[in-house]
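What's in protein_2.cif: mmCIF, C-alpha atoms
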```cif
data_start
#
loop_
_atom_site.label_atom_id
_atom_site.label_comp_id
_atom_site.auth_asym_id
_atom_site.auth_seq_id
_atom_site.Cartn_x
_atom_site.Cartn_y
_atom_site.Cartn_z
CA MET S 1 85.09 93.23 151.35
CA LYS S 2 83.37 96.18 149.72
CA PRO S 3 83.86 99.55 151.38
CA PRO S 4 80.72 100.70 153.23
CA PHE S 5 79.99 103.49 150.79
CA LEU S 6 79.57 100.98 147.96
CA LYS S 7 76.69 99.10 149.64
CA ARG S 8 73.52 98.60 147.62
CA LYS S 9 71.44 100.91 149.79
CA ASN S 10 73.86 103.72 149.11
CA PHE S 11 73.56 103.16 145.37
CA ILE S 12 69.79 103.46 145.65
CA LEU S 13 70.22 106.59 147.74
CA ALA S 14 72.61 107.98 145.11
CA ILE S 15 70.03 107.43 142.37
CA PHE S 16 67.41 109.14 144.53
CA ILE S 17 69.76 112.09 145.05
CA VAL S 18 70.42 112.35 141.30
CA LEU S 19 66.67 112.52 140.72
CA ILE S 20 66.36 115.32 143.29
CA ILE S 21 69.17 117.18 141.53
CA LEU S 22 67.45 116.85 138.14
CA VAL S 23 64.15 118.11 139.55
CA SER S 24 65.94 120.98 141.36
CA ASN S 25 67.54 122.03 138.09
CA LYS S 26 64.18 122.21 136.37
CA TYR S 27 63.04 124.68 139.04
CA GLN S 28 66.51 126.06 139.69
CA LYS S 29 65.54 129.74 139.86
CA GLU S 30 62.64 129.05 142.23
CA VAL S 31 64.80 126.83 144.52
CA LYS S 32 67.60 129.43 144.64
CA ASN S 33 65.12 132.27 145.16
CA LEU S 34 63.56 130.34 148.08
CA PHE S 35 66.94 129.88 149.75
CA TYR S 36 67.93 133.53 149.14
CA SER S 37 64.61 134.80 150.58
CA ALA S 38 64.99 132.62 153.68
CA SER S 39 68.64 133.59 154.14
CA LEU S 40 68.29 137.35 153.66
CA PRO S 41 68.16 138.33 157.39
CA ILE S 42 71.13 136.08 158.24
CA GLN S 43 73.11 137.28 155.21
CA ASN S 44 72.43 140.91 156.10
CA PHE S 45 73.57 140.26 159.66
CA PHE S 46 76.82 138.55 158.60
CA TRP S 47 77.56 141.10 155.86
CA ASP S 48 77.18 144.06 158.27
CA LEU S 49 79.13 142.21 160.98
CA GLY S 50 81.93 141.39 158.54
CA LYS S 51 82.10 144.97 157.36
CA LYS S 52 82.21 146.38 160.91
CA THR S 53 84.89 143.87 161.97
CA SER S 54 86.95 144.60 158.87
CA ASP S 55 86.58 148.39 159.40
CA PHE S 56 87.74 147.95 163.00
CA PHE S 57 90.93 146.07 162.09
CA GLU S 58 91.74 147.87 158.84
CA PRO S 59 93.41 150.97 160.32
CA ILE S 60 95.65 148.81 162.51
CA LEU S 61 96.79 146.60 159.64
CA LYS S 62 97.15 149.35 157.05
CA ILE S 63 98.38 152.30 159.11
CA LYS S 64 101.50 152.93 157.06
CA LYS S 65 99.62 152.69 153.77
CA LEU S 66 96.86 154.97 155.08
CA LYS S 67 99.37 157.67 156.04
CA LYS S 68 100.90 157.69 152.53
CA GLU S 69 97.45 157.58 150.93
CA ASN S 70 96.37 160.55 153.05
CA GLU S 71 99.36 162.61 151.94
CA ASP S 72 98.78 161.75 148.25
CA LEU S 73 95.08 162.54 148.53
CA SER S 74 95.74 165.94 150.10
CA ILE S 75 97.93 166.91 147.13
CA LYS S 76 95.43 165.50 144.65
CA ASN S 77 92.62 167.36 146.39
CA LEU S 78 94.33 170.70 145.84
CA GLU S 79 94.91 169.90 142.16
CA LEU S 80 91.27 168.91 141.75
CA LEU S 81 89.99 172.05 143.47
CA SER S 82 91.85 174.16 140.99
CA GLU S 83 90.56 172.05 138.08
CA LEU S 84 87.02 172.24 139.49
CA SER S 85 86.95 176.02 139.45
CA SER S 86 87.88 176.17 135.76
CA LEU S 87 85.37 173.39 134.97
CA ARG S 88 82.59 175.36 136.69
CA GLU S 89 83.26 178.20 134.30
CA LEU S 90 83.07 175.81 131.35
CA LYS S 91 79.85 174.30 132.66
CA LYS S 92 78.21 177.70 132.91
CA GLU S 93 79.34 178.55 129.40
CA ASN S 94 77.98 175.18 128.15
CA GLU S 95 74.58 175.81 129.77
CA ASP S 96 74.38 179.31 128.32
CA LEU S 97 75.22 178.04 124.85
CA ARG S 98 72.68 175.25 125.13
CA LYS S 99 69.99 177.72 126.13
CA ALA S 100 70.99 179.96 123.29
CA LEU S 101 70.80 177.09 120.79
CA ASP S 102 67.65 175.72 122.43
CA LEU S 103 69.20 172.31 123.26
CA GLY S 104 68.01 170.26 126.29
CA LEU S 105 70.27 170.07 129.36
CA GLU S 106 71.88 166.68 129.96
CA LYS S 107 69.73 164.43 132.11
CA GLU S 108 71.15 162.40 134.94
CA PHE S 109 70.46 158.66 135.08
CA LYS S 110 67.41 156.97 136.56
CA LEU S 111 68.70 155.10 139.59
CA MET S 112 67.46 152.40 141.96
CA MET S 113 69.14 152.02 145.35
CA VAL S 114 70.25 148.47 146.29
CA LYS S 115 72.39 146.77 148.94
CA ALA S 116 75.01 144.04 148.56
CA ILE S 117 74.46 141.04 150.82
CA SER S 118 76.91 138.37 149.75
CA LYS S 119 79.68 137.49 147.31
CA ASP S 120 80.12 134.30 145.27
CA ILE S 121 82.85 132.02 146.61
CA SER S 122 84.61 131.35 143.35
CA ARG S 123 83.82 134.36 141.16
CA ASP S 124 83.72 138.14 141.40
CA LEU S 125 79.93 138.23 141.61
CA ILE S 126 77.94 139.93 144.36
CA GLU S 127 74.32 139.45 145.28
CA ILE S 128 72.03 142.48 145.70
CA ASN S 129 68.69 142.61 147.49
CA LYS S 130 66.46 143.55 144.52
CA GLY S 131 65.22 141.44 141.62
CA SER S 132 62.75 141.24 138.76
CA LYS S 133 59.78 142.20 140.91
CA ASP S 134 61.53 145.53 141.62
CA GLY S 135 62.19 146.17 137.92
CA ILE S 136 65.79 144.97 137.69
CA LYS S 137 66.80 143.59 134.30
CA LYS S 138 69.89 141.83 132.98
CA ASP S 139 72.85 144.04 131.95
CA PHE S 140 71.73 147.08 133.97
CA PRO S 141 74.91 148.91 135.09
CA VAL S 142 75.64 149.16 138.83
CA ILE S 143 77.52 152.11 140.33
CA THR S 144 78.38 153.66 143.70
CA SER S 145 77.17 157.09 144.84
CA GLN S 146 80.45 158.58 143.53
CA LYS S 147 79.64 157.28 140.02
CA VAL S 148 82.27 154.56 140.29
CA LEU S 149 81.43 151.60 138.07
CA VAL S 150 80.97 148.38 140.05
CA GLY S 151 79.69 146.05 137.31
CA ASN S 152 76.45 145.03 135.64
CA VAL S 153 73.53 142.77 136.47
CA ALA S 154 74.37 139.26 135.28
CA GLU S 155 71.45 137.22 136.57
CA VAL S 156 68.01 138.24 137.82
CA TYR S 157 65.79 136.31 140.25
CA GLU S 158 62.45 137.40 141.60
CA ASN S 159 63.79 138.96 144.82
CA PHE S 160 67.53 139.07 144.15
CA SER S 161 70.05 139.69 141.46
CA LYS S 162 73.67 138.79 140.85
CA VAL S 163 76.01 141.58 139.79
CA MET S 164 79.14 140.69 137.82
CA LEU S 165 81.94 142.95 139.06
CA ILE S 166 84.23 144.52 136.45
CA SER S 167 87.04 142.38 137.90
CA ASP S 168 85.25 139.11 137.09
CA LYS S 169 86.97 136.89 134.52
CA GLU S 170 83.98 137.09 132.19
CA SER S 171 83.70 140.87 132.36
CA SER S 172 84.89 143.06 129.49
CA LEU S 173 83.92 146.59 128.53
CA ASP S 174 85.18 149.54 126.52
CA GLY S 175 87.13 152.16 128.41
CA LYS S 176 89.17 155.26 127.75
CA ILE S 177 91.67 157.42 129.56
CA SER S 178 90.13 160.63 130.86
CA GLY S 179 91.59 163.68 129.16
CA LYS S 180 93.52 161.68 126.53
CA ASP S 181 92.51 160.14 123.22
CA ILE S 182 93.28 156.57 124.33
CA SER S 183 90.67 153.80 124.14
CA GLY S 184 90.96 150.13 124.87
CA LEU S 185 89.38 147.07 126.42
CA VAL S 186 88.91 146.74 130.17
CA GLU S 187 88.96 143.09 131.24
CA GLY S 188 88.60 141.41 134.59
CA GLU S 189 91.07 138.76 135.71
CA GLY S 190 89.34 137.60 138.89
CA SER S 191 90.32 138.28 142.53
CA PHE S 192 89.49 141.99 142.06
CA LYS S 193 92.15 142.44 139.36
CA VAL S 194 91.42 144.51 136.24
CA VAL S 195 93.57 145.13 133.15
CA PHE S 196 93.37 147.66 130.31
CA LYS S 197 94.26 145.95 127.04
CA LEU S 198 94.52 146.46 123.29
CA VAL S 199 95.98 149.95 123.61
CA PRO S 200 98.16 150.78 120.57
CA HIS S 201 101.85 150.83 121.28
CA GLU S 202 102.35 154.46 120.31
CA LYS S 203 99.79 155.82 122.79
CA ASP S 204 101.21 157.38 125.91
CA LEU S 205 99.81 155.54 128.95
CA SER S 206 101.06 156.81 132.32
CA LYS S 207 100.78 155.68 135.92
CA ASP S 208 97.81 157.28 137.75
CA ASP S 209 95.90 158.06 134.53
CA THR S 210 92.18 157.77 135.24
CA LEU S 211 90.17 155.18 133.31
CA ILE S 212 86.49 155.86 132.56
CA THR S 213 83.77 154.11 130.55
CA SER S 214 83.38 155.04 126.92
CA VAL S 215 80.17 155.25 124.93
CA LEU S 216 81.26 152.37 122.62
CA GLY S 217 79.52 149.08 123.36
CA GLY S 218 76.36 150.78 124.57
CA VAL S 219 76.09 148.82 127.84
CA PHE S 220 77.43 151.53 130.14
CA PRO S 221 76.90 155.28 130.10
CA GLU S 222 79.96 157.35 129.30
CA GLY S 223 82.12 158.83 132.00
CA LEU S 224 81.74 156.35 134.87
CA LEU S 225 84.92 155.97 136.89
CA ILE S 226 86.67 152.59 136.57
CA GLY S 227 90.11 152.93 138.13
CA LYS S 228 93.57 154.29 137.67
CA ILE S 229 96.62 152.93 135.88
CA GLN S 230 98.93 151.11 138.26
CA GLU S 231 101.59 149.69 135.95
CA VAL S 232 102.08 149.81 132.16
CA LYS S 233 103.46 146.77 130.36
CA LYS S 234 104.75 147.07 126.83
CA THR S 235 107.19 145.06 124.80
CA ASP S 236 108.75 145.72 121.40
CA ILE S 237 107.24 142.60 119.81
CA ASP S 238 103.66 143.19 120.92
CA PRO S 239 101.72 145.78 118.88
CA PHE S 240 99.55 146.57 121.94
CA GLN S 241 100.35 147.59 125.46
CA THR S 242 98.58 146.43 128.62
CA ALA S 243 98.12 148.22 131.91
CA GLU S 244 97.20 146.93 135.34
CA ILE S 245 94.33 148.90 136.81
CA SER S 246 93.67 149.69 140.44
CA PRO S 247 89.84 149.75 140.51
CA PHE S 248 88.14 152.59 142.37
CA PHE S 249 85.40 150.35 143.74
CA ASN S 250 85.98 148.53 146.99
CA LEU S 251 83.88 145.71 148.47
CA GLU S 252 83.85 147.73 151.72
CA ASP S 253 82.00 150.56 149.92
CA THR S 254 79.09 148.39 148.83
CA ASP S 255 76.71 149.36 151.61
CA THR S 256 74.66 151.38 149.16
CA LEU S 257 74.85 150.80 145.45
CA PHE S 258 72.76 152.11 142.58
CA VAL S 259 71.40 150.26 139.58
CA ILE S 260 71.06 152.47 136.50
CA THR S 261 67.66 151.61 135.08
CA GLU S 262 67.71 154.27 132.37
CA PHE S 263 70.37 156.42 130.76
CA MET B 1 73.28 107.38 158.33
CA GLU B 2 70.59 108.81 160.57
CA ILE B 3 68.12 111.43 159.35
CA LYS B 4 69.05 113.51 162.41
CA ASN B 5 72.71 113.55 161.29
CA ILE B 6 71.72 114.68 157.79
CA PHE B 7 69.78 117.64 159.23
CA ILE B 8 72.69 118.56 161.49
CA LEU B 9 75.03 118.48 158.49
CA LEU B 10 72.57 120.60 156.47
CA LEU B 11 72.41 123.22 159.22
CA ILE B 12 76.17 123.34 159.77
CA PHE B 13 76.99 123.68 156.08
CA TYR B 14 74.14 126.16 155.52
CA LEU B 15 75.56 128.46 158.21
CA LEU B 16 79.07 127.86 156.88
CA SER B 17 77.98 128.84 153.34
CA ILE B 18 76.41 132.08 154.55
CA PHE B 19 79.42 132.81 156.76
CA GLN B 20 81.71 132.20 153.76
CA THR B 21 79.78 134.38 151.30
CA SER B 22 78.70 137.22 153.60
CA PHE B 23 81.27 137.52 156.41
CA LEU B 24 84.57 136.09 155.24
CA VAL B 25 84.58 138.02 151.92
CA HIS B 26 85.55 141.17 153.87
CA PHE B 27 88.86 139.54 154.88
CA ASP B 28 90.51 138.71 151.59
CA ILE B 29 94.27 138.57 151.10
CA LYS B 30 94.96 140.05 147.65
CA GLY B 31 91.48 139.02 146.58
CA ILE B 32 91.75 135.45 147.84
CA VAL B 33 89.49 134.02 150.55
CA PRO B 34 89.92 130.46 151.92
CA ASN B 35 87.11 128.12 150.95
CA LEU B 36 85.79 126.84 154.29
CA ILE B 37 83.35 124.43 152.63
CA VAL B 38 86.11 122.48 150.86
CA ILE B 39 88.27 122.57 153.99
CA ALA B 40 85.39 121.28 156.16
CA VAL B 41 84.62 118.40 153.75
CA PHE B 42 88.31 117.48 153.54
CA VAL B 43 88.84 117.53 157.32
CA LEU B 44 85.64 115.58 158.01
CA ASN B 45 86.57 112.84 155.53
CA ILE B 46 90.15 112.60 156.79
CA LEU B 47 89.17 112.45 160.47
CA GLU B 48 86.35 109.91 160.16
CA GLY B 49 88.46 107.46 158.17
CA PRO B 50 87.62 105.28 155.16
CA GLU B 51 84.95 103.07 156.76
CA LYS B 52 82.37 105.71 157.65
CA GLU B 53 80.07 107.41 155.15
CA THR B 54 79.12 110.66 156.93
CA GLY B 55 81.83 112.48 154.98
CA ILE B 56 80.23 111.60 151.66
CA PHE B 57 76.83 112.84 152.81
CA ALA B 58 78.55 115.98 154.07
CA ALA B 59 80.05 116.44 150.58
CA LEU B 60 76.59 116.07 149.00
CA VAL B 61 75.03 118.60 151.37
CA ALA B 62 77.98 121.00 151.10
CA GLY B 63 77.96 120.76 147.29
CA PHE B 64 74.22 121.43 147.14
CA LEU B 65 74.51 124.54 149.31
CA TRP B 66 77.57 125.75 147.38
CA ASP B 67 75.54 125.43 144.15
CA ILE B 68 72.65 127.38 145.71
CA PHE B 69 74.93 130.28 146.67
CA SER B 70 76.85 130.31 143.39
CA GLU B 71 75.91 130.91 139.76
CA LYS B 72 76.54 127.28 138.75
CA PHE B 73 73.69 124.83 138.06
CA ILE B 74 72.59 122.56 140.94
CA GLY B 75 74.71 119.44 140.76
CA TYR B 76 78.00 121.01 139.68
CA HIS B 77 79.65 121.28 143.09
CA ILE B 78 77.69 118.27 144.39
CA LEU B 79 79.50 116.11 141.84
CA ILE B 80 82.90 117.70 142.44
CA LEU B 81 82.76 117.47 146.23
CA THR B 82 81.30 113.94 146.24
CA LEU B 83 84.05 112.68 143.95
CA PHE B 84 86.59 114.53 146.11
CA SER B 85 85.20 112.85 149.23
CA ILE B 86 85.14 109.37 147.62
CA SER B 87 88.74 109.87 146.41
CA ILE B 88 89.84 110.64 149.97
CA LYS B 89 88.10 107.45 151.18
CA VAL B 90 89.75 105.34 148.49
CA ILE B 91 93.20 106.79 149.20
CA LEU B 92 92.80 106.32 152.96
CA ARG B 93 91.57 102.76 152.54
CA ASN B 94 94.16 101.58 150.02
CA TYR B 95 97.26 103.69 150.49
CA VAL B 96 97.40 105.10 153.98
CA ARG B 97 98.53 102.71 156.70
CA VAL B 98 99.02 105.29 159.44
CA GLN B 99 96.01 105.61 161.73
CA ILE B 100 94.97 109.27 161.63
CA THR B 101 92.33 109.05 164.33
CA LYS B 102 92.28 106.86 167.41
CA LYS B 103 89.46 104.28 167.46
CA ALA B 104 87.26 104.55 170.52
#
```

Could you take the file, read its structure, and then write that structure out as C-alpha cells?
Amino acid sequence: MKPPFLKRKNFILAIFIVLIILVSNKYQKEVKNLFYSASLPIQNFFWDLGKKTSDFFEPILKIKKLKKENEDLSIKNLELLSELSSLRELKKENEDLRKALDLGLEKEFKLMMVKAISKDISRDLIEINKGSKDGIKKDFPVITSQKVLVGNVAEVYENFSKVMLISDKESSLDGKISGKDISGLVEGEGSFKVVFKLVPHEKDLSKDDTLITSVLGGVFPEGLLIGKIQEVKKTDIDPFQTAEISPFFNLEDTDTLFVITEF
Amino acid sequence: MEIKNIFILLLIFYLLSIFQTSFLVHFDIKGIVPNLIVIAVFVLNILEGPEKETGIFAALVAGFLWDIFSEKFIGYHILILTLFSISIKVILRNYVRVQITKKA
C-alpha cells in the first residue's frame, strides 16, 4: 500500500505549491519586503527582549573574564591617554600647516542612523530597518558610533536592508596594522570569526596589534577599526602568515549603527 | 490536512522564525545558535509517525518562512526541509520497527 503522502491529491497539491514558489520568486523582493514590514514590530520586540535578557545574564556567566578585561582595559586606557596628548599636538600642527598651505580640513563621513532587528539563521548577515526608500544603496559601509567596522550593505529592499558582517564567509576586504607597514586581506570565516591573511612571512605581526581598514579596494574609508590580532600562525613552508582576529564589533552593540552614505 | 491546521502551522513557524532570528541570536555559543526550525520539523515528523502528513506540510511552511527570513531564493529551504521530512517518513516506515509514539 502506498504511504499516505504519495496519494494523488498530494501530488496535485505539490504541483500547486511549486507554482506558488515560482510566482513568489518572480516577486521575491516584494514578498520578502511585505513579510519584513509586517514583522517589524514583533522583530523589534524580540530583538530588544533578547538583548536585555542577554545583558542580564552576561555578567553572571562571564564574571571572571570581565574582571581580567577590566584590568587590561585600565592599563590600556592609561597608555592611550598618553598617546592622545601627543596626537593632539600633532593634530594642531597638521591644522596649522593646512591653513598655511590653504588645504581643506578633512571632512567626516555622511552618516545615516539605523537599527539592527534580526540576524540570518545560517549566515553572518543582519537586517537593518532602512532600505532603498531611505537612500540606502548596495555596498555602503556600516559602522558603530566608535567607528568600528561592522560590514557593508549586501542587499537592499524598499524598507529594509541586509548587512553582510565582516565575519561572513563571503566577506573580504583590505586591511592594515595600525602603526606598522603591514597590509593584508581580512576574510570572514562565519560564526563571527575573522582572519587576516596574505601577510608576507617577514612582516612582524604581534598579538594585540590593531587592524584597521586600508584605502585599497575603495569600498571602505581608511582607518575604521576592525579588530585586534589574537593569534599568529606561520609555518616555514608557507610564504604568507595568517592571524586570527578578535573583531571589535559585537552583536550586543548593534542598537544603533551608522551607514556611511558618503566618504 | 485541514486548512485550519495549515494556518496554525504557519503561525507557529512564523513566530518561531522571528524568535530564532531576533531573540535567540543574542545567546550564541562561540557563534553557533541552534536551529529551532530544523529541530521542530524533525521532532514533529518523528512524533507523528510515517502515516501522517502534517509533518511534510510543516516542512513546507517552515522552509518557506526560513527562505523569507534568509538571503536565499524562495524554494531553497522548502526543498531541503521537505526532502528531509519525506526521508524521515521513509526511514520510519521501512526501517524502524520500534513504536516511538503510543497510538491513541

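The spacing separating atom CA of Lys147 of chain S from atom CA of Pro41 of chain S amounts to 28.2 Å.
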
Counting all atoms listed in the file, a student should be able to say which residues of chain B come within 10 Å of chain S; what is the right answer, written as a PDB file with C-alpha atoms, in the frame of the given file?
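Saved to out-v5.pdb:
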```pdb
ATOM      1  CA  MET B   1      73.280 107.380 158.330  1.00  0.00           C
ATOM      2  CA  TYR B  14      74.140 126.160 155.520  1.00  0.00           C
ATOM      3  CA  LEU B  15      75.560 128.460 158.210  1.00  0.00           C
ATOM      4  CA  SER B  17      77.980 128.840 153.340  1.00  0.00           C
ATOM      5  CA  ILE B  18      76.410 132.080 154.550  1.00  0.00           C
ATOM      6  CA  PHE B  19      79.420 132.810 156.760  1.00  0.00           C
ATOM      7  CA  GLN B  20      81.710 132.200 153.760  1.00  0.00           C
ATOM      8  CA  THR B  21      79.780 134.380 151.300  1.00  0.00           C
ATOM      9  CA  SER B  22      78.700 137.220 153.600  1.00  0.00           C
ATOM     10  CA  PHE B  23      81.270 137.520 156.410  1.00  0.00           C
ATOM     11  CA  LEU B  24      84.570 136.090 155.240  1.00  0.00           C
ATOM     12  CA  VAL B  25      84.580 138.020 151.920  1.00  0.00           C
ATOM     13  CA  HIS B  26      85.550 141.170 153.870  1.00  0.00           C
ATOM     14  CA  PHE B  27      88.860 139.540 154.880  1.00  0.00           C
ATOM     15  CA  ASP B  28      90.510 138.710 151.590  1.00  0.00           C
ATOM     16  CA  ILE B  29      94.270 138.570 151.100  1.00  0.00           C
ATOM     17  CA  LYS B  30      94.960 140.050 147.650  1.00  0.00           C
ATOM     18  CA  GLY B  31      91.480 139.020 146.580  1.00  0.00           C
ATOM     19  CA  ILE B  32      91.750 135.450 147.840  1.00  0.00           C
ATOM     20  CA  VAL B  33      89.490 134.020 150.550  1.00  0.00           C
ATOM     21  CA  PRO B  34      89.920 130.460 151.920  1.00  0.00           C
ATOM     22  CA  ASN B  35      87.110 128.120 150.950  1.00  0.00           C
ATOM     23  CA  LEU B  36      85.790 126.840 154.290  1.00  0.00           C
ATOM     24  CA  ILE B  37      83.350 124.430 152.630  1.00  0.00           C
ATOM     25  CA  PRO B  50      87.620 105.280 155.160  1.00  0.00           C
ATOM     26  CA  GLU B  51      84.950 103.070 156.760  1.00  0.00           C
ATOM     27  CA  LYS B  52      82.370 105.710 157.650  1.00  0.00           C
ATOM     28  CA  GLU B  53      80.070 107.410 155.150  1.00  0.00           C
ATOM     29  CA  THR B  54      79.120 110.660 156.930  1.00  0.00           C
ATOM     30  CA  ILE B  56      80.230 111.600 151.660  1.00  0.00           C
ATOM     31  CA  LEU B  60      76.590 116.070 149.000  1.00  0.00           C
ATOM     32  CA  PHE B  64      74.220 121.430 147.140  1.00  0.00           C
ATOM     33  CA  LEU B  65      74.510 124.540 149.310  1.00  0.00           C
ATOM     34  CA  TRP B  66      77.570 125.750 147.380  1.00  0.00           C
ATOM     35  CA  ASP B  67      75.540 125.430 144.150  1.00  0.00           C
ATOM     36  CA  ILE B  68      72.650 127.380 145.710  1.00  0.00           C
ATOM     37  CA  PHE B  69      74.930 130.280 146.670  1.00  0.00           C
ATOM     38  CA  SER B  70      76.850 130.310 143.390  1.00  0.00           C
ATOM     39  CA  GLU B  71      75.910 130.910 139.760  1.00  0.00           C
ATOM     40  CA  PHE B  73      73.690 124.830 138.060  1.00  0.00           C
ATOM     41  CA  ILE B  74      72.590 122.560 140.940  1.00  0.00           C
ATOM     42  CA  GLY B  75      74.710 119.440 140.760  1.00  0.00           C
ATOM     43  CA  TYR B  76      78.000 121.010 139.680  1.00  0.00           C
ATOM     44  CA  ILE B  78      77.690 118.270 144.390  1.00  0.00           C
ATOM     45  CA  LEU B  79      79.500 116.110 141.840  1.00  0.00           C
ATOM     46  CA  ILE B  86      85.140 109.370 147.620  1.00  0.00           C
ATOM     47  CA  LYS B  89      88.100 107.450 151.180  1.00  0.00           C
ATOM     48  CA  VAL B  90      89.750 105.340 148.490  1.00  0.00           C
ATOM     49  CA  ARG B  93      91.570 102.760 152.540  1.00  0.00           C
TER      50      ARG B  93
END
```

query = Which residues, written as a list in words, have at least one atom at most 8 Å from Leu225 of chain S, with all atoms listed in the file counted and residues fewer than 5 positions away on the same chain left out?
reply = Lys147, Val148, Leu149, Thr210, Leu211, Ile212, Thr213 and Phe248 of chain S

Prev. selection, C-alpha atoms, output as a CSV table (one decimal), in the coordinates of the input:
```
chain,number,residue,atom,x,y,z
S,147,LYS,CA,79.6,157.3,140.0
S,148,VAL,CA,82.3,154.6,140.3
S,149,LEU,CA,81.4,151.6,138.1
S,210,THR,CA,92.2,157.8,135.2
S,211,LEU,CA,90.2,155.2,133.3
S,212,ILE,CA,86.5,155.9,132.6
S,213,THR,CA,83.8,154.1,130.6
S,248,PHE,CA,88.1,152.6,142.4
```

inquiry  = Could you list, as a ChimeraX atom specification, every residue matched by the PyMOL selection byres ((chain S and resi 159) around 6) in this structure?
reply    = /S:130-131,157-158,160

key: Straight-line distance linking atom CA of Asp209 of chain S with atom CA of Ile226 of chain S, stated in Å to one decimal   = 10.9 Å

Hits from the PyMOL selection byres ((chain S and resi 134) around 12), listed as a VMD selection string = chain S and resid 112 to 114 128 to 133 135 to 137 156 to 161 259 261
